[in-house]
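One file, run_21.pdb, carrying PDB, C-alpha atoms and all ligand atoms:
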ATOM      1  CA  MET A   1      13.680  23.175   0.305
ATOM      2  CA  PRO A   2      16.740  22.491  -1.824
ATOM      3  CA  GLU A   3      19.328  25.283  -2.019
ATOM      4  CA  PRO A   4      18.999  27.200  -5.318
ATOM      5  CA  HIS A   5      22.543  26.314  -6.380
ATOM      6  CA  THR A   6      22.112  22.563  -5.764
ATOM      7  CA  SER A   7      22.842  20.571  -8.911
ATOM      8  CA  LEU A   8      20.255  18.085 -10.122
ATOM      9  CA  GLN A   9      22.551  15.195  -9.263
ATOM     10  CA  GLU A  10      22.993  16.462  -5.722
ATOM     11  CA  LEU A  11      19.282  17.002  -5.412
ATOM     12  CA  LEU A  12      18.566  13.458  -6.600
ATOM     13  CA  HIS A  13      21.086  12.079  -4.161
ATOM     14  CA  SER A  14      19.758  13.942  -1.116
ATOM     15  CA  THR A  15      16.161  13.139  -2.097
ATOM     16  CA  ALA A  16      16.968   9.441  -2.400
ATOM     17  CA  GLN A  17      18.419   9.556   1.115
ATOM     18  CA  ARG A  18      15.261  11.181   2.452
ATOM     19  CA  LEU A  19      13.128   8.517   0.759
ATOM     20  CA  ALA A  20      15.210   5.550   1.866
ATOM     21  CA  HIS A  21      12.927   4.730   4.824
ATOM     22  CA  ARG A  22       9.860   4.684   2.588
ATOM     23  CA  SER A  23      10.985   2.993  -0.607
ATOM     24  CA  ASP A  24      13.062   0.032  -1.828
ATOM     25  CA  THR A  25      13.941   2.059  -4.925
ATOM     26  CA  PRO A  26      14.569   5.558  -3.506
ATOM     27  CA  ARG A  27      16.756   6.762  -6.365
ATOM     28  CA  LEU A  28      14.184   5.805  -8.978
ATOM     29  CA  GLU A  29      11.395   7.408  -6.964
ATOM     30  CA  ALA A  30      13.459  10.566  -6.486
ATOM     31  CA  ALA A  31      13.896  10.850 -10.259
ATOM     32  CA  LEU A  32      10.212  10.179 -10.930
ATOM     33  CA  LEU A  33       9.096  12.779  -8.377
ATOM     34  CA  LEU A  34      11.516  15.303  -9.784
ATOM     35  CA  GLY A  35      10.186  14.516 -13.247
ATOM     36  CA  THR A  36       6.644  15.219 -11.974
ATOM     37  CA  ALA A  37       7.675  18.589 -10.495
ATOM     38  CA  LEU A  38       9.589  19.581 -13.647
ATOM     39  CA  ASN A  39       7.232  17.971 -16.148
ATOM     40  CA  ALA A  40      10.254  16.151 -17.552
ATOM     41  CA  THR A  41      11.120  12.512 -18.199
ATOM     42  CA  ARG A  42      13.646  10.512 -16.201
ATOM     43  CA  GLU A  43      15.808  10.364 -19.305
ATOM     44  CA  GLN A  44      15.834  14.159 -19.659
ATOM     45  CA  ILE A  45      16.802  14.474 -16.001
ATOM     46  CA  ALA A  46      19.520  11.813 -16.222
ATOM     47  CA  ALA A  47      20.980  13.534 -19.294
ATOM     48  CA  GLY A  48      20.967  16.925 -17.492
ATOM     49  CA  LEU A  49      18.600  18.300 -20.143
ATOM     50  CA  VAL A  50      16.552  20.395 -17.737
ATOM     51  CA  PRO A  51      17.205  23.978 -16.640
ATOM     52  CA  PRO A  52      17.752  24.724 -12.929
ATOM     53  CA  LEU A  53      14.592  24.514 -10.833
ATOM     54  CA  THR A  54      12.566  27.693 -10.484
ATOM     55  CA  ILE A  55      11.370  28.654  -6.995
ATOM     56  CA  GLY A  56       7.886  27.384  -7.907
ATOM     57  CA  GLN A  57       9.275  24.041  -9.063
ATOM     58  CA  GLN A  58      11.313  23.717  -5.887
ATOM     59  CA  GLN A  59       8.186  24.267  -3.822
ATOM     60  CA  THR A  60       6.187  21.775  -5.864
ATOM     61  CA  PHE A  61       8.953  19.217  -5.584
ATOM     62  CA  GLU A  62       9.324  19.660  -1.821
ATOM     63  CA  SER A  63       5.595  19.315  -1.282
ATOM     64  CA  LEU A  64       5.464  16.107  -3.384
ATOM     65  CA  LEU A  65       8.415  14.766  -1.459
ATOM     66  CA  GLN A  66       6.808  15.501   1.911
ATOM     67  CA  ARG A  67       3.636  13.703   0.847
ATOM     68  CA  ARG A  68       5.649  10.739  -0.394
ATOM     69  CA  MET A  69       7.639  10.590   2.851
ATOM     70  CA  GLN A  70       4.352  10.394   4.739
ATOM     71  CA  GLY A  71       3.348   7.361   2.691
ATOM     72  CA  GLU A  72       1.200   8.645  -0.164
ATOM     73  CA  PRO A  73       1.694   6.247  -3.089
ATOM     74  CA  LEU A  74       3.962   7.449  -5.875
ATOM     75  CA  ALA A  75       1.297   6.663  -8.494
ATOM     76  CA  TYR A  76      -1.214   9.060  -6.883
ATOM     77  CA  LEU A  77       1.447  11.778  -6.649
ATOM     78  CA  ARG A  78       2.406  11.363 -10.289
ATOM     79  CA  GLY A  79      -1.240  10.914 -11.308
ATOM     80  CA  PHE A  80      -0.619   7.836 -13.381
ATOM     81  CA  GLN A  81       0.632   4.268 -13.395
ATOM     82  CA  GLU A  82       1.904   2.183 -16.263
ATOM     83  CA  PHE A  83      -0.036  -1.008 -16.974
ATOM     84  CA  TYR A  84       0.335  -3.399 -19.896
ATOM     85  CA  GLY A  85       2.761  -0.947 -21.512
ATOM     86  CA  ARG A  86       0.412   2.055 -21.402
ATOM     87  CA  PRO A  87      -0.157   5.000 -19.058
ATOM     88  CA  PHE A  88      -3.284   4.995 -16.889
ATOM     89  CA  LEU A  89      -4.515   8.014 -14.946
ATOM     90  CA  VAL A  90      -5.095   7.208 -11.293
ATOM     91  CA  ASN A  91      -6.473   9.108  -8.324
ATOM     92  CA  PRO A  92      -7.627   7.998  -4.866
ATOM     93  CA  SER A  93     -11.009   6.903  -6.219
ATOM     94  CA  VAL A  94      -9.381   3.969  -8.052
ATOM     95  CA  LEU A  95      -7.052   1.155  -7.108
ATOM     96  CA  ILE A  96      -3.523   1.511  -8.500
ATOM     97  CA  PRO A  97      -3.130  -1.148 -11.230
ATOM     98  CA  ARG A  98      -0.805  -3.976 -10.151
ATOM     99  CA  PRO A  99       1.622  -5.913 -12.359
ATOM    100  CA  GLU A 100       0.033  -9.285 -11.507
ATOM    101  CA  THR A 101      -3.238  -8.069 -13.051
ATOM    102  CA  GLU A 102      -1.474  -8.011 -16.445
ATOM    103  CA  LEU A 103      -1.733 -11.807 -16.369
ATOM    104  CA  LEU A 104      -5.515 -11.505 -16.218
ATOM    105  CA  VAL A 105      -5.361  -9.438 -19.423
ATOM    106  CA  ASP A 106      -3.124 -12.057 -21.105
ATOM    107  CA  ALA A 107      -5.519 -14.828 -20.099
ATOM    108  CA  ALA A 108      -8.628 -12.928 -21.221
ATOM    109  CA  LEU A 109      -7.052 -12.098 -24.595
ATOM    110  CA  CYS A 110      -6.676 -15.850 -25.229
ATOM    111  CA  MET A 111     -10.442 -16.249 -24.774
ATOM    112  CA  LEU A 112     -11.687 -13.240 -26.767
ATOM    113  CA  GLN A 113     -13.057 -13.565 -30.254
ATOM    114  CA  PRO A 114     -13.821 -10.745 -32.694
ATOM    115  CA  GLU A 115     -17.335  -9.268 -32.461
ATOM    116  CA  GLN A 116     -18.007 -10.809 -29.050
ATOM    117  CA  LEU A 117     -18.833  -8.866 -25.910
ATOM    118  CA  CYS A 118     -16.463  -9.006 -22.972
ATOM    119  CA  ILE A 119     -17.315  -7.337 -19.704
ATOM    120  CA  ASP A 120     -14.768  -6.120 -17.147
ATOM    121  CA  VAL A 121     -16.556  -5.887 -13.791
ATOM    122  CA  CYS A 122     -15.104  -3.679 -11.027
ATOM    123  CA  THR A 123     -13.163  -1.904 -13.742
ATOM    124  CA  GLY A 124     -11.748   0.833 -11.467
ATOM    125  CA  SER A 125      -9.191   2.757 -13.542
ATOM    126  CA  GLY A 126     -10.304   0.738 -16.579
ATOM    127  CA  CYS A 127      -6.827  -0.738 -16.934
ATOM    128  CA  ILE A 128      -8.115  -4.213 -17.856
ATOM    129  CA  ALA A 129     -10.916  -3.064 -20.187
ATOM    130  CA  VAL A 130      -8.717  -0.565 -22.041
ATOM    131  CA  SER A 131      -5.853  -3.056 -22.423
ATOM    132  CA  LEU A 132      -8.264  -5.633 -23.852
ATOM    133  CA  ALA A 133      -9.665  -3.069 -26.282
ATOM    134  CA  LEU A 134      -6.151  -2.127 -27.382
ATOM    135  CA  HIS A 135      -5.126  -5.712 -28.070
ATOM    136  CA  CYS A 136      -8.309  -7.158 -29.513
ATOM    137  CA  SER A 137      -9.497  -4.449 -31.827
ATOM    138  CA  GLN A 138     -12.596  -6.279 -33.005
ATOM    139  CA  ALA A 139     -14.040  -7.321 -29.652
ATOM    140  CA  GLN A 140     -16.663  -5.223 -27.897
ATOM    141  CA  ILE A 141     -15.651  -4.332 -24.370
ATOM    142  CA  ALA A 142     -17.853  -3.094 -21.530
ATOM    143  CA  ALA A 143     -16.366  -1.552 -18.403
ATOM    144  CA  ALA A 144     -18.573  -1.747 -15.302
ATOM    145  CA  ASP A 145     -18.190  -0.321 -11.817
ATOM    146  CA  ILE A 146     -20.448   0.650  -8.948
ATOM    147  CA  SER A 147     -18.508   3.875  -8.403
ATOM    148  CA  PRO A 148     -19.365   6.754 -10.787
ATOM    149  CA  THR A 149     -16.063   8.458  -9.953
ATOM    150  CA  ALA A 150     -14.116   5.315 -10.834
ATOM    151  CA  LEU A 151     -16.059   4.983 -14.071
ATOM    152  CA  SER A 152     -15.167   8.546 -14.953
ATOM    153  CA  VAL A 153     -11.457   7.683 -14.510
ATOM    154  CA  ALA A 154     -11.984   4.625 -16.746
ATOM    155  CA  ARG A 155     -13.504   6.878 -19.431
ATOM    156  CA  GLN A 156     -10.553   9.262 -19.232
ATOM    157  CA  ASN A 157      -8.187   6.323 -19.588
ATOM    158  CA  ALA A 158     -10.049   5.076 -22.623
ATOM    159  CA  LEU A 159      -9.682   8.553 -24.157
ATOM    160  CA  LEU A 160      -6.014   8.760 -23.232
ATOM    161  CA  ASN A 161      -5.391   5.401 -24.897
ATOM    162  CA  GLN A 162      -7.565   6.035 -27.968
ATOM    163  CA  THR A 163     -10.153   3.369 -27.193
ATOM    164  CA  ALA A 164     -13.047   5.551 -26.004
ATOM    165  CA  GLN A 165     -15.253   4.780 -29.022
ATOM    166  CA  ARG A 166     -14.826   1.053 -28.600
ATOM    167  CA  LEU A 167     -15.806   0.753 -24.944
ATOM    168  CA  CYS A 168     -19.160   1.068 -23.277
ATOM    169  CA  TYR A 169     -19.481   2.054 -19.640
ATOM    170  CA  ILE A 170     -21.946   0.608 -17.183
ATOM    171  CA  GLN A 171     -22.534   1.952 -13.704
ATOM    172  CA  GLY A 172     -24.165  -0.449 -11.298
ATOM    173  CA  ASP A 173     -23.874  -3.213  -8.750
ATOM    174  CA  LEU A 174     -21.762  -5.996 -10.303
ATOM    175  CA  LEU A 175     -23.707  -7.690 -13.109
ATOM    176  CA  SER A 176     -27.204  -6.530 -12.140
ATOM    177  CA  PRO A 177     -27.544  -3.958 -14.989
ATOM    178  CA  LEU A 178     -26.720  -6.606 -17.624
ATOM    179  CA  ALA A 179     -29.137  -8.625 -19.748
ATOM    180  CA  ASN A 180     -29.239 -12.427 -19.646
ATOM    181  CA  SER A 181     -26.738 -14.288 -21.846
ATOM    182  CA  CYS A 182     -25.221 -11.079 -23.203
ATOM    183  CA  CYS A 183     -21.503 -11.773 -23.150
ATOM    184  CA  ARG A 184     -18.898 -14.361 -24.053
ATOM    185  CA  VAL A 185     -16.164 -13.368 -21.605
ATOM    186  CA  LEU A 186     -16.404 -11.960 -18.099
ATOM    187  CA  VAL A 187     -13.265 -10.711 -16.433
ATOM    188  CA  SER A 188     -12.859  -9.234 -12.967
ATOM    189  CA  ASN A 189     -10.316  -8.222 -10.382
ATOM    190  CA  PRO A 190     -12.876  -7.702  -7.614
ATOM    191  CA  PRO A 191     -12.176  -6.371  -4.109
ATOM    192  CA  TYR A 192     -10.846  -9.400  -2.237
ATOM    193  CA  ILE A 193      -9.213  -8.363   1.031
ATOM    194  CA  PRO A 194     -11.043  -9.663   4.141
ATOM    195  CA  ALA A 195     -12.524  -6.580   5.843
ATOM    196  CA  ASP A 196     -10.621  -6.920   9.095
ATOM    197  CA  GLU A 197      -7.288  -7.440   7.310
ATOM    198  CA  ILE A 198      -7.305  -4.107   5.476
ATOM    199  CA  ASP A 199      -5.771  -2.186   8.357
ATOM    200  CA  ALA A 200      -2.959  -4.735   8.582
ATOM    201  CA  LEU A 201      -1.883  -3.994   4.986
ATOM    202  CA  THR A 202       0.887  -1.471   4.421
ATOM    203  CA  HIS A 203       0.104   2.114   5.404
ATOM    204  CA  GLU A 204       0.348   3.077   1.708
ATOM    205  CA  ILE A 205      -2.492   0.757   0.789
ATOM    206  CA  SER A 206      -4.706   0.940   3.865
ATOM    207  CA  GLN A 207      -4.579   4.725   4.228
ATOM    208  CA  TYR A 208      -4.650   5.810   0.595
ATOM    209  CA  GLU A 209      -6.291   3.271  -1.712
ATOM    210  CA  PRO A 210     -10.110   3.194  -1.836
ATOM    211  CA  ARG A 211     -11.700   0.827   0.700
ATOM    212  CA  LEU A 212     -14.462   0.131  -1.789
ATOM    213  CA  ALA A 213     -11.880  -1.383  -4.153
ATOM    214  CA  LEU A 214     -10.213  -3.467  -1.424
ATOM    215  CA  ASN A 215     -12.976  -4.727   0.858
ATOM    216  CA  GLY A 216     -14.071  -8.237  -0.057
ATOM    217  CA  GLY A 217     -16.396  -8.674   2.940
ATOM    218  CA  ALA A 218     -15.786 -10.655   6.128
ATOM    219  CA  ASP A 219     -13.823 -13.477   4.460
ATOM    220  CA  GLY A 220     -12.725 -11.692   1.268
ATOM    221  CA  MET A 221     -14.961 -13.964  -0.842
ATOM    222  CA  ARG A 222     -18.089 -11.823  -1.080
ATOM    223  CA  PHE A 223     -17.676 -10.790  -4.721
ATOM    224  CA  TYR A 224     -16.529 -14.209  -5.907
ATOM    225  CA  ARG A 225     -19.755 -15.658  -4.457
ATOM    226  CA  GLN A 226     -21.870 -13.057  -6.212
ATOM    227  CA  LEU A 227     -20.003 -13.460  -9.494
ATOM    228  CA  ALA A 228     -20.354 -17.260  -9.318
ATOM    229  CA  ARG A 229     -24.124 -16.769  -9.152
ATOM    230  CA  GLN A 230     -24.634 -13.783 -11.446
ATOM    231  CA  GLY A 231     -21.984 -14.832 -13.994
ATOM    232  CA  LYS A 232     -24.064 -17.813 -15.060
ATOM    233  CA  ARG A 233     -26.942 -15.533 -15.930
ATOM    234  CA  VAL A 234     -25.043 -13.038 -18.088
ATOM    235  CA  LEU A 235     -22.600 -15.370 -19.865
ATOM    236  CA  LEU A 236     -23.573 -17.268 -22.971
ATOM    237  CA  PRO A 237     -23.350 -21.086 -22.686
ATOM    238  CA  GLY A 238     -19.668 -21.983 -23.047
ATOM    239  CA  GLY A 239     -18.674 -18.433 -22.058
ATOM    240  CA  CYS A 240     -15.646 -17.929 -19.869
ATOM    241  CA  MET A 241     -15.212 -16.160 -16.519
ATOM    242  CA  LEU A 242     -11.697 -15.132 -15.478
ATOM    243  CA  LEU A 243     -11.103 -13.895 -11.933
ATOM    244  CA  GLU A 244      -8.029 -12.527 -10.253
ATOM    245  CA  ALA A 245      -7.500 -14.229  -6.881
ATOM    246  CA  GLY A 246      -5.748 -12.860  -3.805
ATOM    247  CA  ALA A 247      -2.797 -14.869  -2.479
ATOM    248  CA  GLY A 248      -4.156 -18.145  -1.028
ATOM    249  CA  GLN A 249      -7.681 -17.628  -2.366
ATOM    250  CA  ALA A 250      -7.505 -19.604  -5.636
ATOM    251  CA  PRO A 251      -8.401 -23.034  -4.136
ATOM    252  CA  LEU A 252     -11.385 -21.506  -2.317
ATOM    253  CA  ILE A 253     -12.638 -19.828  -5.498
ATOM    254  CA  GLU A 254     -12.131 -23.029  -7.501
ATOM    255  CA  ALA A 255     -14.146 -24.993  -4.906
ATOM    256  CA  LEU A 256     -16.897 -22.371  -4.960
ATOM    257  CA  LEU A 257     -17.124 -22.436  -8.768
ATOM    258  CA  ALA A 258     -17.048 -26.239  -8.939
ATOM    259  CA  GLU A 259     -19.859 -26.457  -6.353
ATOM    260  CA  THR A 260     -21.983 -23.989  -8.273
ATOM    261  CA  GLY A 261     -21.758 -25.928 -11.518
ATOM    262  CA  TRP A 262     -18.953 -24.173 -13.420
ATOM    263  CA  ARG A 263     -16.451 -26.172 -15.487
ATOM    264  CA  LEU A 264     -12.980 -25.247 -14.237
ATOM    265  CA  LEU A 265      -9.985 -24.604 -16.462
ATOM    266  CA  PRO A 266      -6.509 -24.788 -14.862
ATOM    267  CA  THR A 267      -5.680 -21.766 -12.695
ATOM    268  CA  LEU A 268      -2.746 -19.685 -13.944
ATOM    269  CA  PRO A 269       0.138 -18.763 -11.611
ATOM    270  CA  ASP A 270       1.670 -15.274 -11.595
ATOM    271  CA  LEU A 271       5.403 -14.614 -12.009
ATOM    272  CA  GLN A 272       5.960 -15.327  -8.310
ATOM    273  CA  GLY A 273       4.242 -18.709  -8.645
ATOM    274  CA  ILE A 274       1.104 -17.605  -6.755
ATOM    275  CA  PRO A 275      -2.079 -19.115  -8.297
ATOM    276  CA  ARG A 276      -3.602 -15.897  -9.606
ATOM    277  CA  VAL A 277      -6.108 -16.266 -12.447
ATOM    278  CA  VAL A 278      -9.011 -18.646 -11.836
ATOM    279  CA  ARG A 279     -10.862 -19.562 -15.017
ATOM    280  CA  ALA A 280     -14.157 -21.342 -15.524
ATOM    281  CA  LEU A 281     -16.620 -22.045 -18.326
ATOM    282  CA  ARG A 282     -20.342 -21.682 -18.058
ATOM    283  CA  PRO A 283     -21.831 -25.099 -18.903
TER     284      PRO A 283
HETATM  285  N1  LIG A 301      -9.911  -3.537 -12.331
HETATM  286  C1  LIG A 301      -9.085  -2.619 -11.603
HETATM  287  C2  LIG A 301      -7.699  -3.199 -11.445
HETATM  288  O1  LIG A 301      -7.486  -4.338 -11.689
HETATM  289  C3  LIG A 301      -9.705  -2.284 -10.241
HETATM  290  C4  LIG A 301      -9.879  -3.455  -9.331
HETATM  291  C5  LIG A 301     -10.604  -3.095  -8.052
HETATM  292  O2  LIG A 301     -10.992  -1.949  -7.857
HETATM  293  N2  LIG A 301     -10.785  -4.071  -7.201
HETATM  294  O3  LIG A 301      -6.766  -2.538 -11.071
END
Translate the structure of the given file into C-alpha cells.
Ligand code: GLN
Amino acid sequence: MPEPHTSLQELLHSTAQRLAHRSDTPRLEAALLLGTALNATREQIAAGLVPPLTIGQQQTFESLLQRRMQGEPLAYLRGFQEFYGRPFLVNPSVLIPRPETELLVDAALCMLQPEQLCIDVCTGSGCIAVSLALHCSQAQIAAADISPTALSVARQNALLNQTAQRLCYIQGDLLSPLANSCCRVLVSNPPYIPADEIDALTHEISQYEPRLALNGGADGMRFYRQLARQGKRVLLPGGCMLLEAGAGQAPLIEALLAETGWRLLPTLPDLQGIPRVVRALRP
C-alpha cells in the first residue's frame, strides 16, 4: 500500500515502475487505474485536482494494481473501453472492443441506407451495433448474440449511448432466429481464433477474455462458413455482408465466399495494412 503522505506524482511514478513488466504504456495505465480508484479523470489527476487518497481508496487502488500486475486487462478493471469515440461497458462475458473493428463500422456505414435493417451478429458488447445506430440515425439495427449475458451488456451499452430505443436484440445461434430476406446489411466480427491457438495468445487474452468470443473452431473458419451459408438466406438480393477477418484469414474467407456464390467487393486493409474487412454482395 502507498504511504499516506505519498504525493500523487510519486504514487504515479512508483505505480508505473510496478507495471513496467506488464504494459508498454505503464504511466498511462497507472493514471487510468488511479482514476478508477478515485473516480476521477486523468486530467483531474494530472492537474492535481484530487484530494489525498483515503485509506479506502488506497486499498481499492492497491487491489486494482495487484490484479493488473497479474495480467487482468485494464478494460475489465476499469469496466469500460472506448470504441468509435464512445464509452462501452465491458466485463468478462464480452470481448474487449479492438481499434481495428472501428474499420468494420466505417465500412458498414458506407453500405447503410435509411429505413433498412442491418444486423450485427456476435454483437458481444454491442460496440458495432451501437456505433452504427449512433451514426446512421434512420437505419434499423439488430444486435444478435448466442450469449444472454453478452446481450445484456449490449443493452446496457445501448442505454449508456442513448440508442436503446433504436436497437432490437436477438438471442440465438447466429442467423437462425432471423426470417428469410429480412435485412440489407449483415455485419459481424465473429470468433475467429483456431481452437488450439487460443492458449498461445497473450495471457491477458487467453486467461481473461471469453473463450466463446474467441474460439473459431479447429481452423478458425467455423463461423465464416456458417455465415456464408446462412447470410444468403437472411439478406435481401443485393444486400451486403461485411466480416472482420483475423490476420491472414482474408484470402481464405474471400475464397470461401466466391465458391459459395457471393460477389466479392475489395477487402479493406486496417491501419497496419492487414486485410481486415471482407465484403461481399448477395447475388
Ligand atoms: N462484436 C464484438 C466486437 O467486435 C464482439 C465480437 C466477438 O465476440 N467475437 O468487439
ask   = Excluding same-chain residues fewer than 4 positions from Glu102 in chain A, what lies within 8 Å of it counting all atoms listed in the file, as JSON, numbers by chain?
value = {"A": [83, 84, 98, 106, 128]}
message = Just the number, please: distance in Å from CA of Val94 in chain A to CA of Glu82 in chain A, one decimal.
response =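 About the pair CA of Val94 in chain A and CA of Glu82 in chain A: they are 14.1 Å apart.
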task = For each of A:Val105, A:Ala37, A:Leu175, A:Leu227, take the minimum atom-to-atom distance to ligand LIG 301 (chain A), counting all atoms listed in the file, then give the residue where this is smallest.
result = A:Val105
Answer key for the PyMOL selection byres (((not hetatm)) within 10 of (chain A and resi 301)), residues as a VMD selection string = chain A and resid 83 90 93 to 102 104 to 105 120 to 129 143 to 147 150 154 187 to 193 209 to 216 223 244
query = In Å, how far is it from CA of Leu65 in chain A to CA of Ala46 in chain A?
reply =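 CA of Leu65 in chain A sits 18.7 Å away from CA of Ala46 in chain A.
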Let me know the centre plus edge lengths, in Å and rounded to one decimal, of a box with edges along x, y and z that contains all listed atoms of range 85-102 of chain A and is padded by 3 Å on every side, as JSON.
{"center_x": -4.1, "center_y": -0.1, "center_z": -13.2, "size_x": 19.8, "size_y": 24.4, "size_z": 22.6}
key: 10 Å contact set for Gly261 in chain A, only C-alpha atoms, chain neighbours under 2 positions out, as an MDAnalysis selection string   = chainID A and resid 228:229 232 256:259 263:264 280:283
request  = Decode the PyMOL selection byres (((chain A and resi 48-63) around 12) and not hetatm) for the given file into explicit residues and return them as JSON, numbers by chain.
outcome  = {"A": [1, 2, 3, 4, 5, 6, 7, 8, 9, 10, 11, 12, 14, 15, 18, 30, 31, 32, 33, 34, 35, 36, 37, 38, 39, 40, 41, 42, 43, 44, 45, 46, 47, 64, 65, 66, 67, 68, 69, 70, 72, 77, 78]}
Can you spit out the residues from that selection as a PDB file, in the coordinates of the input, using C-alpha atoms?
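To be explicit, this is the file written out as again.pdb:
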ATOM      1  CA  MET A   1      13.680  23.175   0.305  1.00  0.00           C
ATOM      2  CA  PRO A   2      16.740  22.491  -1.824  1.00  0.00           C
ATOM      3  CA  GLU A   3      19.328  25.283  -2.019  1.00  0.00           C
ATOM      4  CA  PRO A   4      18.999  27.200  -5.318  1.00  0.00           C
ATOM      5  CA  HIS A   5      22.543  26.314  -6.380  1.00  0.00           C
ATOM      6  CA  THR A   6      22.112  22.563  -5.764  1.00  0.00           C
ATOM      7  CA  SER A   7      22.842  20.571  -8.911  1.00  0.00           C
ATOM      8  CA  LEU A   8      20.255  18.085 -10.122  1.00  0.00           C
ATOM      9  CA  GLN A   9      22.551  15.195  -9.263  1.00  0.00           C
ATOM     10  CA  GLU A  10      22.993  16.462  -5.722  1.00  0.00           C
ATOM     11  CA  LEU A  11      19.282  17.002  -5.412  1.00  0.00           C
ATOM     12  CA  LEU A  12      18.566  13.458  -6.600  1.00  0.00           C
ATOM     13  CA  SER A  14      19.758  13.942  -1.116  1.00  0.00           C
ATOM     14  CA  THR A  15      16.161  13.139  -2.097  1.00  0.00           C
ATOM     15  CA  ARG A  18      15.261  11.181   2.452  1.00  0.00           C
ATOM     16  CA  ALA A  30      13.459  10.566  -6.486  1.00  0.00           C
ATOM     17  CA  ALA A  31      13.896  10.850 -10.259  1.00  0.00           C
ATOM     18  CA  LEU A  32      10.212  10.179 -10.930  1.00  0.00           C
ATOM     19  CA  LEU A  33       9.096  12.779  -8.377  1.00  0.00           C
ATOM     20  CA  LEU A  34      11.516  15.303  -9.784  1.00  0.00           C
ATOM     21  CA  GLY A  35      10.186  14.516 -13.247  1.00  0.00           C
ATOM     22  CA  THR A  36       6.644  15.219 -11.974  1.00  0.00           C
ATOM     23  CA  ALA A  37       7.675  18.589 -10.495  1.00  0.00           C
ATOM     24  CA  LEU A  38       9.589  19.581 -13.647  1.00  0.00           C
ATOM     25  CA  ASN A  39       7.232  17.971 -16.148  1.00  0.00           C
ATOM     26  CA  ALA A  40      10.254  16.151 -17.552  1.00  0.00           C
ATOM     27  CA  THR A  41      11.120  12.512 -18.199  1.00  0.00           C
ATOM     28  CA  ARG A  42      13.646  10.512 -16.201  1.00  0.00           C
ATOM     29  CA  GLU A  43      15.808  10.364 -19.305  1.00  0.00           C
ATOM     30  CA  GLN A  44      15.834  14.159 -19.659  1.00  0.00           C
ATOM     31  CA  ILE A  45      16.802  14.474 -16.001  1.00  0.00           C
ATOM     32  CA  ALA A  46      19.520  11.813 -16.222  1.00  0.00           C
ATOM     33  CA  ALA A  47      20.980  13.534 -19.294  1.00  0.00           C
ATOM     34  CA  LEU A  64       5.464  16.107  -3.384  1.00  0.00           C
ATOM     35  CA  LEU A  65       8.415  14.766  -1.459  1.00  0.00           C
ATOM     36  CA  GLN A  66       6.808  15.501   1.911  1.00  0.00           C
ATOM     37  CA  ARG A  67       3.636  13.703   0.847  1.00  0.00           C
ATOM     38  CA  ARG A  68       5.649  10.739  -0.394  1.00  0.00           C
ATOM     39  CA  MET A  69       7.639  10.590   2.851  1.00  0.00           C
ATOM     40  CA  GLN A  70       4.352  10.394   4.739  1.00  0.00           C
ATOM     41  CA  GLU A  72       1.200   8.645  -0.164  1.00  0.00           C
ATOM     42  CA  LEU A  77       1.447  11.778  -6.649  1.00  0.00           C
ATOM     43  CA  ARG A  78       2.406  11.363 -10.289  1.00  0.00           C
TER      44      ARG A  78
END
message = Which residues, named as in the file, does the PyMOL selection byres (((chain A and resi 140) around 12) and not hetatm) pick out? Answer as a ChimeraX atom specification.
response = /A:112-120,129-130,132-139,141-143,163-169,182-186
task = May I ask for the distance between CA of Tyr208 in chain A and CA of Gly172 in chain A, given in Å to one decimal place?
result = 23.7 Å
ask   = Looking at A:Ala247, A:Leu265, A:Met241, A:Val234, which one is nearest to Ser181 in chain A, with distances taken over only C-alpha atoms?
value =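 Of the candidates, the smallest distance to Ser181 in chain A is held by A:Val234.
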Taking N, CA and C atoms as the atom set, what does range 227-237 of chain A look like once completed, written as a PDB file, in the coordinates of the input?
ATOM      1  N   LEU A 227     -20.322 -13.263  -8.077  1.00  0.00           N
ATOM      2  CA  LEU A 227     -20.003 -13.460  -9.494  1.00  0.00           C
ATOM      3  C   LEU A 227     -20.278 -14.903  -9.914  1.00  0.00           C
ATOM      4  N   ALA A 228     -20.060 -15.860  -9.000  1.00  0.00           N
ATOM      5  CA  ALA A 228     -20.354 -17.260  -9.318  1.00  0.00           C
ATOM      6  C   ALA A 228     -21.830 -17.410  -9.664  1.00  0.00           C
ATOM      7  N   ARG A 229     -22.672 -16.669  -8.932  1.00  0.00           N
ATOM      8  CA  ARG A 229     -24.124 -16.769  -9.152  1.00  0.00           C
ATOM      9  C   ARG A 229     -24.539 -15.953 -10.380  1.00  0.00           C
ATOM     10  N   GLN A 230     -24.158 -14.679 -10.380  1.00  0.00           N
ATOM     11  CA  GLN A 230     -24.634 -13.783 -11.446  1.00  0.00           C
ATOM     12  C   GLN A 230     -23.965 -14.065 -12.795  1.00  0.00           C
ATOM     13  N   GLY A 231     -22.727 -14.582 -12.757  1.00  0.00           N
ATOM     14  CA  GLY A 231     -21.984 -14.832 -13.994  1.00  0.00           C
ATOM     15  C   GLY A 231     -22.700 -15.831 -14.890  1.00  0.00           C
ATOM     16  N   LYS A 232     -23.364 -16.795 -14.259  1.00  0.00           N
ATOM     17  CA  LYS A 232     -24.064 -17.813 -15.060  1.00  0.00           C
ATOM     18  C   LYS A 232     -25.230 -17.212 -15.824  1.00  0.00           C
ATOM     19  N   ARG A 233     -25.804 -16.180 -15.268  1.00  0.00           N
ATOM     20  CA  ARG A 233     -26.942 -15.533 -15.930  1.00  0.00           C
ATOM     21  C   ARG A 233     -26.487 -14.709 -17.144  1.00  0.00           C
ATOM     22  N   VAL A 234     -25.391 -13.967 -16.999  1.00  0.00           N
ATOM     23  CA  VAL A 234     -25.043 -13.038 -18.088  1.00  0.00           C
ATOM     24  C   VAL A 234     -24.159 -13.667 -19.173  1.00  0.00           C
ATOM     25  N   LEU A 235     -23.450 -14.754 -18.833  1.00  0.00           N
ATOM     26  CA  LEU A 235     -22.600 -15.370 -19.865  1.00  0.00           C
ATOM     27  C   LEU A 235     -23.433 -16.254 -20.789  1.00  0.00           C
ATOM     28  N   LEU A 236     -23.000 -16.317 -22.021  1.00  0.00           N
ATOM     29  CA  LEU A 236     -23.573 -17.268 -22.971  1.00  0.00           C
ATOM     30  C   LEU A 236     -23.105 -18.668 -22.584  1.00  0.00           C
ATOM     31  N   PRO A 237     -23.848 -19.732 -22.955  1.00  0.00           N
ATOM     32  CA  PRO A 237     -23.350 -21.086 -22.686  1.00  0.00           C
ATOM     33  C   PRO A 237     -21.961 -21.242 -23.298  1.00  0.00           C
TER      34      PRO A 237
END
